[in-house]
Each structure stands twice: as structure tokens, then as C-alpha cells.
file final.tsv (TSV, C-alpha atoms and all ligand atoms)
chain	number	residue	atom	x	y	z
C	13	MET	CA	-43.92	1.17	-23.28
C	14	ARG	CA	-43.94	-1.33	-20.44
C	15	ILE	CA	-42.30	-4.00	-22.59
C	16	ILE	CA	-39.60	-1.53	-23.61
C	17	SER	CA	-38.84	-0.72	-19.96
C	18	VAL	CA	-38.65	-4.40	-19.07
C	19	VAL	CA	-36.28	-5.07	-21.96
C	20	LEU	CA	-34.17	-2.05	-21.01
C	21	LEU	CA	-33.98	-3.14	-17.38
C	22	ALA	CA	-32.95	-6.65	-18.45
C	23	MET	CA	-30.26	-5.18	-20.70
C	24	ILE	CA	-28.91	-2.99	-17.90
C	25	ALA	CA	-28.94	-5.92	-15.47
C	26	HIS	CA	-27.09	-8.06	-18.02
C	27	LEU	CA	-24.51	-5.35	-18.64
C	28	SER	CA	-23.88	-4.71	-14.96
C	29	MET	CA	-23.56	-8.46	-14.37
C	30	ALA	CA	-20.86	-8.71	-17.05
C	31	GLN	CA	-19.15	-5.58	-15.70
C	32	SER	CA	-19.11	-6.90	-12.15
C	33	LYS	CA	-17.01	-9.83	-13.35
C	34	VAL	CA	-14.31	-7.80	-15.07
C	35	VAL	CA	-11.04	-7.29	-13.20
C	36	ALA	CA	-8.61	-4.82	-14.78
C	37	HIS	CA	-5.14	-6.44	-14.69
C	38	ARG	CA	-2.66	-3.93	-13.14
C	39	GLY	CA	-5.39	-1.29	-13.51
C	40	ALA	CA	-6.76	0.04	-16.79
C	41	TRP	CA	-3.57	0.97	-18.65
C	42	LYS	CA	-3.54	-0.56	-22.11
C	43	ASN	CA	-6.10	1.72	-23.72
C	44	THR	CA	-5.58	4.69	-21.41
C	45	GLY	CA	-1.81	5.22	-21.64
C	46	ALA	CA	-1.45	5.15	-17.83
C	47	PRO	CA	1.51	3.20	-16.44
C	48	GLN	CA	0.65	-0.29	-15.16
C	49	ASN	CA	0.19	-0.49	-11.39
C	50	SER	CA	-0.08	3.31	-11.03
C	51	LEU	CA	-2.65	5.34	-9.12
C	52	GLU	CA	-3.69	6.68	-12.52
C	53	SER	CA	-4.42	3.19	-13.93
C	54	LEU	CA	-6.28	2.29	-10.72
C	55	LYS	CA	-8.41	5.44	-11.01
C	56	HIS	CA	-9.25	4.62	-14.63
C	57	ALA	CA	-10.45	1.15	-13.57
C	58	PHE	CA	-12.60	2.74	-10.85
C	59	GLU	CA	-14.07	5.32	-13.20
C	60	MET	CA	-14.86	2.65	-15.80
C	61	LYS	CA	-16.78	0.85	-13.02
C	62	CYS	CA	-14.81	-2.38	-13.42
C	63	GLY	CA	-15.87	-5.10	-11.00
C	64	GLY	CA	-12.29	-5.20	-9.75
C	65	SER	CA	-8.81	-3.86	-10.26
C	66	GLU	CA	-5.71	-6.00	-9.74
C	67	PHE	CA	-2.29	-4.78	-8.53
C	68	ASP	CA	0.99	-6.26	-7.29
C	69	ILE	CA	2.55	-5.78	-3.86
C	70	ASN	CA	6.21	-6.01	-2.89
C	71	ARG	CA	7.84	-5.12	0.44
C	72	THR	CA	10.84	-2.80	0.71
C	73	LEU	CA	13.83	-3.25	3.05
C	74	ASP	CA	12.31	-0.66	5.41
C	75	GLY	CA	8.93	-2.39	5.46
C	76	LYS	CA	6.95	-0.25	3.02
C	77	LEU	CA	4.41	-2.08	0.87
C	78	VAL	CA	4.79	-0.82	-2.69
C	79	ILE	CA	2.93	-1.48	-5.90
C	80	ASN	CA	5.14	-2.93	-8.63
C	81	HIS	CA	4.90	-6.04	-10.77
C	82	ASP	CA	8.49	-7.25	-10.62
C	83	ALA	CA	10.70	-8.00	-7.64
C	84	ASP	CA	13.03	-5.33	-9.05
C	85	TYR	CA	12.27	-1.66	-9.64
C	86	ALA	CA	14.55	0.61	-11.69
C	87	GLY	CA	17.22	-2.10	-11.57
C	88	LEU	CA	17.08	-2.44	-7.78
C	89	ARG	CA	15.84	-5.46	-5.84
C	90	ILE	CA	12.88	-4.04	-3.90
C	91	GLU	CA	13.31	-6.15	-0.76
C	92	GLU	CA	16.97	-5.10	-0.48
C	93	HIS	CA	16.43	-1.33	-0.80
C	94	THR	CA	14.64	1.37	1.15
C	95	TYR	CA	11.63	3.19	-0.20
C	96	ALA	CA	13.59	6.45	-0.33
C	97	ASP	CA	16.23	4.83	-2.56
C	98	LEU	CA	13.70	3.17	-4.85
C	99	ASN	CA	11.55	6.28	-5.16
C	100	LYS	CA	14.43	8.29	-6.63
C	101	THR	CA	13.05	6.87	-9.89
C	102	LYS	CA	9.46	7.97	-10.65
C	103	LEU	CA	6.86	6.25	-12.82
C	104	LYS	CA	6.70	7.46	-16.40
C	105	ASN	CA	3.72	9.73	-15.58
C	106	GLY	CA	5.74	11.37	-12.78
C	107	GLU	CA	4.01	9.50	-9.92
C	108	ASP	CA	5.98	8.30	-6.93
C	109	LEU	CA	6.48	4.55	-6.73
C	110	PRO	CA	2.95	3.88	-5.39
C	111	LEU	CA	2.42	2.80	-1.82
C	112	LEU	CA	-0.31	0.29	-0.95
C	113	GLU	CA	-1.58	2.89	1.50
C	114	SER	CA	-2.16	5.41	-1.33
C	115	PHE	CA	-4.09	2.76	-3.31
C	116	LEU	CA	-6.29	2.04	-0.29
C	117	LYS	CA	-6.97	5.74	0.33
C	118	LEU	CA	-8.13	6.15	-3.26
C	119	ALA	CA	-10.19	2.95	-3.07
C	120	LYS	CA	-12.22	4.34	-0.16
C	121	LYS	CA	-13.86	6.71	-2.65
C	122	TYR	CA	-14.92	3.91	-5.03
C	123	PRO	CA	-16.69	1.25	-2.98
C	124	ASN	CA	-18.19	-0.53	-6.00
C	125	THR	CA	-14.91	-1.88	-7.36
C	126	LEU	CA	-13.14	-4.74	-5.58
C	127	LEU	CA	-9.39	-4.67	-5.02
C	128	PHE	CA	-7.45	-7.75	-6.17
C	129	ALA	CA	-4.30	-7.39	-4.10
C	130	GLU	CA	-1.53	-9.73	-5.28
C	131	ILE	CA	1.12	-10.52	-2.70
C	132	LYS	CA	4.19	-11.24	-4.81
C	133	VAL	CA	6.50	-14.15	-4.14
C	134	ALA	CA	9.51	-12.68	-2.33
C	135	PRO	CA	12.85	-13.73	-3.88
C	136	SER	CA	14.32	-14.36	-0.41
C	137	GLY	CA	11.76	-17.06	0.40
C	138	ALA	CA	8.38	-18.04	1.80
C	139	ALA	CA	8.85	-16.35	5.19
C	140	ALA	CA	9.18	-12.96	3.49
C	141	SER	CA	6.07	-13.62	1.36
C	142	GLU	CA	4.13	-14.54	4.52
C	143	LYS	CA	5.30	-11.36	6.22
C	144	ALA	CA	4.19	-9.25	3.25
C	145	ALA	CA	0.83	-11.06	3.28
C	146	GLU	CA	0.30	-10.37	6.98
C	147	GLU	CA	1.25	-6.70	6.71
C	148	THR	CA	-0.95	-6.26	3.63
C	149	TRP	CA	-3.91	-7.81	5.45
C	150	LYS	CA	-3.32	-5.53	8.47
C	151	MET	CA	-3.23	-2.41	6.31
C	152	VAL	CA	-6.40	-3.40	4.43
C	153	LYS	CA	-8.06	-4.00	7.80
C	154	LYS	CA	-6.91	-0.58	9.04
C	155	TYR	CA	-8.68	1.03	6.07
C	156	LYS	CA	-11.79	-1.13	6.66
C	157	LEU	CA	-11.56	-2.60	3.17
C	158	LEU	CA	-11.43	-6.32	4.02
C	159	LYS	CA	-14.84	-6.96	2.45
C	160	HIS	CA	-13.72	-5.10	-0.67
C	161	THR	CA	-10.43	-6.92	-1.10
C	162	VAL	CA	-9.55	-10.27	-2.64
C	163	PHE	CA	-6.02	-11.33	-1.70
C	164	ILE	CA	-4.30	-13.29	-4.47
C	165	SER	CA	-0.88	-14.98	-4.49
C	166	PHE	CA	1.28	-17.51	-6.27
C	167	SER	CA	2.74	-18.24	-2.84
C	168	TYR	CA	0.84	-21.15	-1.28
C	169	GLU	CA	2.43	-20.27	2.08
C	170	ALA	CA	1.18	-16.67	1.86
C	171	SER	CA	-2.31	-17.90	0.91
C	172	LEU	CA	-2.37	-20.23	3.94
C	173	LYS	CA	-1.08	-17.43	6.15
C	174	LEU	CA	-3.98	-15.18	5.12
C	175	VAL	CA	-6.66	-17.75	5.95
C	176	ALA	CA	-4.91	-18.54	9.24
C	177	LEU	CA	-5.02	-14.83	10.13
C	178	ASP	CA	-8.60	-14.38	9.09
C	179	LYS	CA	-11.02	-17.20	8.36
C	180	LYS	CA	-13.19	-14.77	6.39
C	181	ALA	CA	-10.40	-13.35	4.23
C	182	ARG	CA	-11.21	-13.50	0.54
C	183	VAL	CA	-8.22	-15.39	-0.89
C	184	GLN	CA	-7.60	-16.81	-4.36
C	185	TYR	CA	-4.54	-18.97	-5.05
C	186	LEU	CA	-2.85	-18.30	-8.39
C	187	THR	CA	-0.41	-21.06	-9.31
C	188	GLY	CA	-2.83	-23.57	-10.84
C	189	ASP	CA	-1.11	-26.66	-9.39
C	190	LYS	CA	-3.77	-27.50	-6.81
C	191	SER	CA	-7.18	-28.99	-7.52
C	192	PRO	CA	-10.32	-27.36	-6.10
C	193	ASP	CA	-10.58	-30.24	-3.57
C	194	VAL	CA	-7.08	-29.59	-2.24
C	195	LEU	CA	-7.79	-25.86	-1.82
C	196	LYS	CA	-11.11	-26.52	-0.12
C	197	ALA	CA	-9.46	-28.93	2.33
C	198	ALA	CA	-6.75	-26.32	3.08
C	199	GLY	CA	-9.38	-23.66	3.81
C	200	ILE	CA	-8.41	-21.47	0.84
C	201	PRO	CA	-11.73	-20.11	-0.45
C	202	GLY	CA	-10.88	-19.34	-4.07
C	203	LEU	CA	-8.72	-19.88	-7.10
C	204	ASP	CA	-7.46	-17.57	-9.83
C	205	TYR	CA	-5.76	-19.71	-12.47
C	206	HIS	CA	-4.30	-19.12	-15.90
C	207	PHE	CA	-7.12	-19.81	-18.38
C	208	SER	CA	-5.15	-22.72	-19.89
C	209	VAL	CA	-5.43	-24.56	-16.55
C	210	PHE	CA	-9.21	-24.61	-16.97
C	211	GLU	CA	-8.78	-25.87	-20.54
C	212	LYS	CA	-6.53	-28.71	-19.33
C	213	ASN	CA	-8.87	-29.51	-16.42
C	214	PRO	CA	-12.32	-28.98	-17.91
C	215	ASP	CA	-14.15	-30.10	-14.75
C	216	TRP	CA	-12.33	-27.74	-12.33
C	217	LEU	CA	-14.58	-24.70	-12.69
C	218	LYS	CA	-17.70	-26.75	-12.10
C	219	LYS	CA	-16.03	-28.55	-9.21
C	220	ALA	CA	-14.84	-25.28	-7.64
C	221	LYS	CA	-18.33	-23.82	-7.86
C	222	SER	CA	-19.88	-26.94	-6.30
C	223	LEU	CA	-17.44	-26.57	-3.38
C	224	GLY	CA	-18.37	-22.90	-2.96
C	225	LEU	CA	-14.94	-21.59	-4.03
C	226	SER	CA	-14.75	-18.24	-5.81
C	227	THR	CA	-13.30	-18.46	-9.32
C	228	ASN	CA	-11.18	-16.17	-11.46
C	229	ALA	CA	-8.91	-16.55	-14.50
C	230	TRP	CA	-5.88	-14.62	-15.76
C	231	THR	CA	-4.96	-13.01	-18.11
C	232	VAL	CA	-7.85	-13.33	-20.50
C	233	ASN	CA	-7.46	-10.98	-23.45
C	234	LYS	CA	-9.22	-12.89	-26.24
C	235	GLN	CA	-12.93	-12.55	-26.74
C	236	GLU	CA	-13.57	-16.27	-27.42
C	237	VAL	CA	-11.81	-17.29	-24.19
C	238	MET	CA	-13.76	-14.65	-22.24
C	239	GLU	CA	-17.04	-15.93	-23.66
C	240	SER	CA	-16.21	-19.57	-22.96
C	241	LEU	CA	-15.34	-18.84	-19.30
C	242	LEU	CA	-18.41	-16.61	-18.82
C	243	LYS	CA	-20.58	-19.40	-20.23
C	244	GLN	CA	-19.10	-21.76	-17.64
C	245	GLY	CA	-20.17	-19.30	-14.95
C	246	ILE	CA	-16.78	-18.01	-13.81
C	247	ASP	CA	-17.04	-15.32	-11.11
C	248	TYR	CA	-14.25	-13.01	-12.38
C	249	LEU	CA	-12.15	-12.49	-15.49
C	250	THR	CA	-8.82	-10.74	-15.11
C	251	THR	CA	-7.88	-8.93	-18.30
C	252	ASP	CA	-5.69	-6.29	-19.91
C	253	GLU	CA	-8.73	-5.47	-22.05
C	254	PRO	CA	-11.41	-4.41	-19.55
C	255	GLU	CA	-13.15	-2.26	-22.16
C	256	MET	CA	-13.65	-5.29	-24.41
C	257	ALA	CA	-14.68	-7.61	-21.58
C	258	MET	CA	-17.24	-5.14	-20.24
C	259	GLY	CA	-18.84	-4.94	-23.66
C	260	LEU	CA	-19.60	-8.71	-23.75
E	301	MG	MG	-0.41	-9.57	-10.69
call {"tool": "encode", "arguments": {"input": "final.tsv", "output": "C-alpha cells"}}
result
Amino acid sequence: MRIISVVLLAMIAHLSMAQSKVVAHRGAWKNTGAPQNSLESLKHAFEMKCGGSEFDINRTLDGKLVINHDADYAGLRIEEHTYADLNKTKLKNGEDLPLLESFLKLAKKYPNTLLFAEIKVAPSGAAASEKAAEETWKMVKKYKLLKHTVFISFSYEASLKLVALDKKARVQYLTGDKSPDVLKAAGIPGLDYHFSVFEKNPDWLKKAKSLGLSTNAWTVNKQEVMESLLKQGIDYLTTDEPEMAMGL
């Protein structure tokens, strides 16, 4: 009986360890039918108890932070249009174009899942990306979710802005063109690179870990790649297949 309980506990611990590493890319949408980057896909990721859920942030002309992958929404450039104009088109499930604020309000009810908040590169330039980064950080702070949020960006300027604002901000840089040493020296505490970057630079994960950087890879949808990265001790795996990854 005792042995069975010990084995069961070990299995549960193992499962929850794997789960804590899984980040649902744009929420859990692929196997749920929810639109990407919707409140519905975020809620699915929370209810599945994913370690994290990723989403993309753009800033409208009137300063609203909205959740959408591309710089354009319904054929309109987000940064050149007001929220009211953009929101004339709804998501395919009938939701409004989601606001960051709505995501944060929902997240308050699910404290066990981290938010991976991607600040998108603004088409008009680095200054606009930095502004979006600063406003995102302020809103996350307002909702007291800084410890539950990892800020990610392809914009190096936005990543630097976040660590300048807040030395303790959890930031992972996305582009894959900087070595762990360069990030460490710049004060950026993490990296989230395409999995092929780790294949081309087989010592980077180990190096990043030895420097105390947090590590993540996108977008890992194949089981053998997931297993290889988990074996190397990666902290997070960002995937369109959270159900599969959580089963490993
Ligand atoms: Mg993204």
C-alpha cells in the first residue's frame, strides 16, 4: 500500500512538473475550436492547468492595448485606428476584440497559470514598441500580476525598456540573434527562442541555465522536439499542442 502511494505521488509530481512547463501558444485553440488570442482560448488554457498561456499585444491609435497576433486586424492597421473602429469586427465566436485589461481580469481567477505577454513589434518603429511595453507593464502592475507575468518580445528595445522600468520584471527575448552572454550582460533575464536556434547552438540552453536565465522555446509542436528540449532541462515549452505536451 505504502509503495503504491509513493509511486502515485511520484507520478503526480512528474505530471505536474511537465504541466508547469507547458505554455499554450495564443491560448488553447487548436483542439478546442476557440479563436486564437480570445478570452475563450485563454480560459481553456487556464482550465487545462497549463503552466502558462501566451498572447500578443498591439496598441491602438487611442492607446488601448488589444490582443491580436498581427499588426493588422480585419484589414486595418491597429496602431492607425481607434478601438471603436477596430471592434466593429468581432472575433469568430462573437467576442469583442479582446483588451489586455479583460485578459488580466480573467487571469486574477487562475493564479496557477503564468501569462506570457508578447509585446508585438510596432510597424511604426522601436519607440512605439517601447511605449506599448511600458503601458503593458503598468497595466499588469495595476492588476498585481507582475509575479505571474513573463513579458516576451522580438523587439530588443522593448525588452531593454522593461528591465529598465523594473529590474525584477520577468522578460524573455524572442528573436534568437543574441547569445545568452549578451542577454545576461544587458540585464535581460530570459530567452524564448525558436527551437531551431537551440539546434544550431547546442550549448546555448546549458549556458543560459548556468547564467541563471529563464529558458523557453517556440513553437514546439512535435513530440520528439518537446522531449529533446525537456531532456535538456528547458524551463518552458510554447506549443499549439498543449494537450500533447502535458501528456509527456
Ligand atoms: Mg506571440
call {"tool": "closest_residue", "arguments": {"input": "final.tsv", "among": "C:Glu52, C:Glu113, C:Thr231, C:Ala139", "to": "C:Lys153", "atoms": "all atoms listed in the file"}}
result
C:Glu113
call {"tool": "residues_around", "arguments": {"input": "final.tsv", "residues": "C:Glu239", "least_positions_apart": "5", "cutoff": "10 Å", "atoms": "only C-alpha atoms", "output": "list in words"}}
result
Lys234, Gln244, Gly245, Ala257 and Leu260 of chain C
call {"tool": "residues_near_ligand", "arguments": {"input": "final.tsv", "ligand": "ligand MG 301 (chain E)", "cutoff": "10 Å", "atoms": "all atoms listed in the file", "output": "MDAnalysis selection string"}}
result
chainID C and resid 37:38 49 66:69 79:82 128:132 164:166 186 230:231 250
call {"tool": "residues_around", "arguments": {"input": "final.tsv", "residues": "stretch 211-225 of chain C", "least_positions_apart": "5", "cutoff": "9 Å", "atoms": "all atoms listed in the file", "output": "list of chain:residue names"}}
result
C:Gln184, C:Ser191, C:Pro192, C:Asp193, C:Leu195, C:Lys196, C:Ile200, C:Pro201, C:Gly202, C:Leu203, C:Leu241, C:Gln244, C:Gly245, C:Ile246
call {"tool": "residues_around", "arguments": {"input": "final.tsv", "residues": "C:Ser141", "least_positions_apart": "2", "cutoff": "9 Å", "atoms": "only C-alpha atoms", "output": "list in words"}}
result
Asn70, Arg71, Ile131, Lys132, Val133, Ala134, Pro135, Ser136, Gly137, Ala138, Ala139, Lys143, Ala144, Ala145, Glu146, Ser167, Glu169 and Ala170 of chain C
call {"tool": "write_last_selection", "arguments": {"input": "final.tsv", "atoms": "C-alpha atoms", "output": "short mmCIF file (atom, residue, chain, number, x, y, z; two decimals), in the coordinates of the input"}}
result
data_model
loop_
_atom_site.label_atom_id
_atom_site.label_comp_id
_atom_site.auth_asym_id
_atom_site.auth_seq_id
_atom_site.Cartn_x
_atom_site.Cartn_y
_atom_site.Cartn_z
CA ASN C 70 6.21 -6.01 -2.89
CA ARG C 71 7.84 -5.12 0.44
CA ILE C 131 1.12 -10.52 -2.70
CA LYS C 132 4.19 -11.24 -4.81
CA VAL C 133 6.50 -14.15 -4.14
CA ALA C 134 9.51 -12.68 -2.33
CA PRO C 135 12.85 -13.73 -3.88
CA SER C 136 14.32 -14.36 -0.41
CA GLY C 137 11.76 -17.06 0.40
CA ALA C 138 8.38 -18.04 1.80
CA ALA C 139 8.85 -16.35 5.19
CA LYS C 143 5.30 -11.36 6.22
CA ALA C 144 4.19 -9.25 3.25
CA ALA C 145 0.83 -11.06 3.28
CA GLU C 146 0.30 -10.37 6.98
CA SER C 167 2.74 -18.24 -2.84
CA GLU C 169 2.43 -20.27 2.08
CA ALA C 170 1.18 -16.67 1.86
#
call {"tool": "closest_residue", "arguments": {"input": "final.tsv", "among": "C:Asp189, C:Asp84, C:Asp247, C:Glu142", "to": "C:Ala176", "atoms": "all atoms listed in the file"}}
result
C:Glu142
call {"tool": "decode", "arguments": {"input": "final.tsv", "residues": "stretch 195-222 of chain C", "atoms": "N, CA and C atoms", "output": "PDB file, in the first residue's frame"}}
result
ATOM      1  N   LEU C 195      22.674  38.625 -23.532  1.00  0.00           N
ATOM      2  CA  LEU C 195      21.446  38.953 -22.783  1.00  0.00           C
ATOM      3  C   LEU C 195      21.768  39.201 -21.314  1.00  0.00           C
ATOM      4  N   LYS C 196      22.582  38.331 -20.764  1.00  0.00           N
ATOM      5  CA  LYS C 196      22.946  38.468 -19.338  1.00  0.00           C
ATOM      6  C   LYS C 196      23.588  39.832 -19.094  1.00  0.00           C
ATOM      7  N   ALA C 197      24.528  40.199 -19.973  1.00  0.00           N
ATOM      8  CA  ALA C 197      25.234  41.483 -19.818  1.00  0.00           C
ATOM      9  C   ALA C 197      24.268  42.658 -19.948  1.00  0.00           C
ATOM     10  N   ALA C 198      23.207  42.489 -20.754  1.00  0.00           N
ATOM     11  CA  ALA C 198      22.232  43.574 -20.957  1.00  0.00           C
ATOM     12  C   ALA C 198      21.180  43.608 -19.846  1.00  0.00           C
ATOM     13  N   GLY C 199      21.216  42.633 -18.959  1.00  0.00           N
ATOM     14  CA  GLY C 199      20.246  42.606 -17.850  1.00  0.00           C
ATOM     15  C   GLY C 199      18.911  41.983 -18.226  1.00  0.00           C
ATOM     16  N   ILE C 200      18.837  41.347 -19.396  1.00  0.00           N
ATOM     17  CA  ILE C 200      17.592  40.669 -19.797  1.00  0.00           C
ATOM     18  C   ILE C 200      17.633  39.247 -19.223  1.00  0.00           C
ATOM     19  N   PRO C 201      16.644  38.906 -18.373  1.00  0.00           N
ATOM     20  CA  PRO C 201      16.794  37.681 -17.581  1.00  0.00           C
ATOM     21  C   PRO C 201      16.298  36.394 -18.228  1.00  0.00           C
ATOM     22  N   GLY C 202      15.946  36.429 -19.520  1.00  0.00           N
ATOM     23  CA  GLY C 202      15.476  35.181 -20.111  1.00  0.00           C
ATOM     24  C   GLY C 202      15.463  35.220 -21.615  1.00  0.00           C
ATOM     25  N   LEU C 203      15.344  34.039 -22.203  1.00  0.00           N
ATOM     26  CA  LEU C 203      15.239  33.946 -23.657  1.00  0.00           C
ATOM     27  C   LEU C 203      14.164  32.929 -24.013  1.00  0.00           C
ATOM     28  N   ASP C 204      13.516  33.215 -25.139  1.00  0.00           N
ATOM     29  CA  ASP C 204      12.441  32.373 -25.668  1.00  0.00           C
ATOM     30  C   ASP C 204      12.689  32.325 -27.167  1.00  0.00           C
ATOM     31  N   TYR C 205      13.433  31.279 -27.603  1.00  0.00           N
ATOM     32  CA  TYR C 205      13.889  31.233 -28.994  1.00  0.00           C
ATOM     33  C   TYR C 205      13.187  30.120 -29.768  1.00  0.00           C
ATOM     34  N   HIS C 206      13.152  30.327 -31.094  1.00  0.00           N
ATOM     35  CA  HIS C 206      12.650  29.246 -31.949  1.00  0.00           C
ATOM     36  C   HIS C 206      13.505  28.000 -31.687  1.00  0.00           C
ATOM     37  N   PHE C 207      12.861  26.833 -31.650  1.00  0.00           N
ATOM     38  CA  PHE C 207      13.605  25.623 -31.262  1.00  0.00           C
ATOM     39  C   PHE C 207      14.812  25.356 -32.167  1.00  0.00           C
ATOM     40  N   SER C 208      14.752  25.822 -33.425  1.00  0.00           N
ATOM     41  CA  SER C 208      15.887  25.578 -34.335  1.00  0.00           C
ATOM     42  C   SER C 208      17.134  26.341 -33.891  1.00  0.00           C
ATOM     43  N   VAL C 209      16.937  27.446 -33.154  1.00  0.00           N
ATOM     44  CA  VAL C 209      18.096  28.210 -32.653  1.00  0.00           C
ATOM     45  C   VAL C 209      18.890  27.353 -31.658  1.00  0.00           C
ATOM     46  N   PHE C 210      18.161  26.571 -30.856  1.00  0.00           N
ATOM     47  CA  PHE C 210      18.860  25.699 -29.891  1.00  0.00           C
ATOM     48  C   PHE C 210      19.524  24.515 -30.604  1.00  0.00           C
ATOM     49  N   GLU C 211      18.973  24.133 -31.755  1.00  0.00           N
ATOM     50  CA  GLU C 211      19.609  23.049 -32.525  1.00  0.00           C
ATOM     51  C   GLU C 211      20.897  23.562 -33.178  1.00  0.00           C
ATOM     52  N   LYS C 212      20.863  24.815 -33.641  1.00  0.00           N
ATOM     53  CA  LYS C 212      22.056  25.400 -34.277  1.00  0.00           C
ATOM     54  C   LYS C 212      23.121  25.785 -33.254  1.00  0.00           C
ATOM     55  N   ASN C 213      22.683  26.062 -32.035  1.00  0.00           N
ATOM     56  CA  ASN C 213      23.615  26.469 -30.968  1.00  0.00           C
ATOM     57  C   ASN C 213      23.429  25.517 -29.785  1.00  0.00           C
ATOM     58  N   PRO C 214      23.966  24.303 -29.924  1.00  0.00           N
ATOM     59  CA  PRO C 214      23.626  23.257 -28.943  1.00  0.00           C
ATOM     60  C   PRO C 214      24.094  23.544 -27.512  1.00  0.00           C
ATOM     61  N   ASP C 215      24.977  24.529 -27.333  1.00  0.00           N
ATOM     62  CA  ASP C 215      25.427  24.823 -25.961  1.00  0.00           C
ATOM     63  C   ASP C 215      24.622  25.965 -25.308  1.00  0.00           C
ATOM     64  N   TRP C 216      23.689  26.596 -26.040  1.00  0.00           N
ATOM     65  CA  TRP C 216      23.033  27.795 -25.511  1.00  0.00           C
ATOM     66  C   TRP C 216      22.109  27.517 -24.325  1.00  0.00           C
ATOM     67  N   LEU C 217      21.395  26.399 -24.354  1.00  0.00           N
ATOM     68  CA  LEU C 217      20.485  26.128 -23.234  1.00  0.00           C
ATOM     69  C   LEU C 217      21.274  25.927 -21.941  1.00  0.00           C
ATOM     70  N   LYS C 218      22.334  25.147 -22.058  1.00  0.00           N
ATOM     71  CA  LYS C 218      23.167  24.882 -20.891  1.00  0.00           C
ATOM     72  C   LYS C 218      23.796  26.190 -20.370  1.00  0.00           C
ATOM     73  N   LYS C 219      24.267  26.977 -21.333  1.00  0.00           N
ATOM     74  CA  LYS C 219      24.907  28.250 -20.995  1.00  0.00           C
ATOM     75  C   LYS C 219      23.897  29.189 -20.305  1.00  0.00           C
ATOM     76  N   ALA C 220      22.697  29.264 -20.895  1.00  0.00           N
ATOM     77  CA  ALA C 220      21.661  30.136 -20.323  1.00  0.00           C
ATOM     78  C   ALA C 220      21.344  29.712 -18.897  1.00  0.00           C
ATOM     79  N   LYS C 221      21.221  28.424 -18.683  1.00  0.00           N
ATOM     80  CA  LYS C 221      20.911  27.925 -17.338  1.00  0.00           C
ATOM     81  C   LYS C 221      22.040  28.259 -16.365  1.00  0.00           C
ATOM     82  N   SER C 222      23.293  28.112 -16.839  1.00  0.00           N
ATOM     83  CA  SER C 222      24.423  28.388 -15.940  1.00  0.00           C
ATOM     84  C   SER C 222      24.486  29.876 -15.579  1.00  0.00           C
TER      85      SER C 222
END
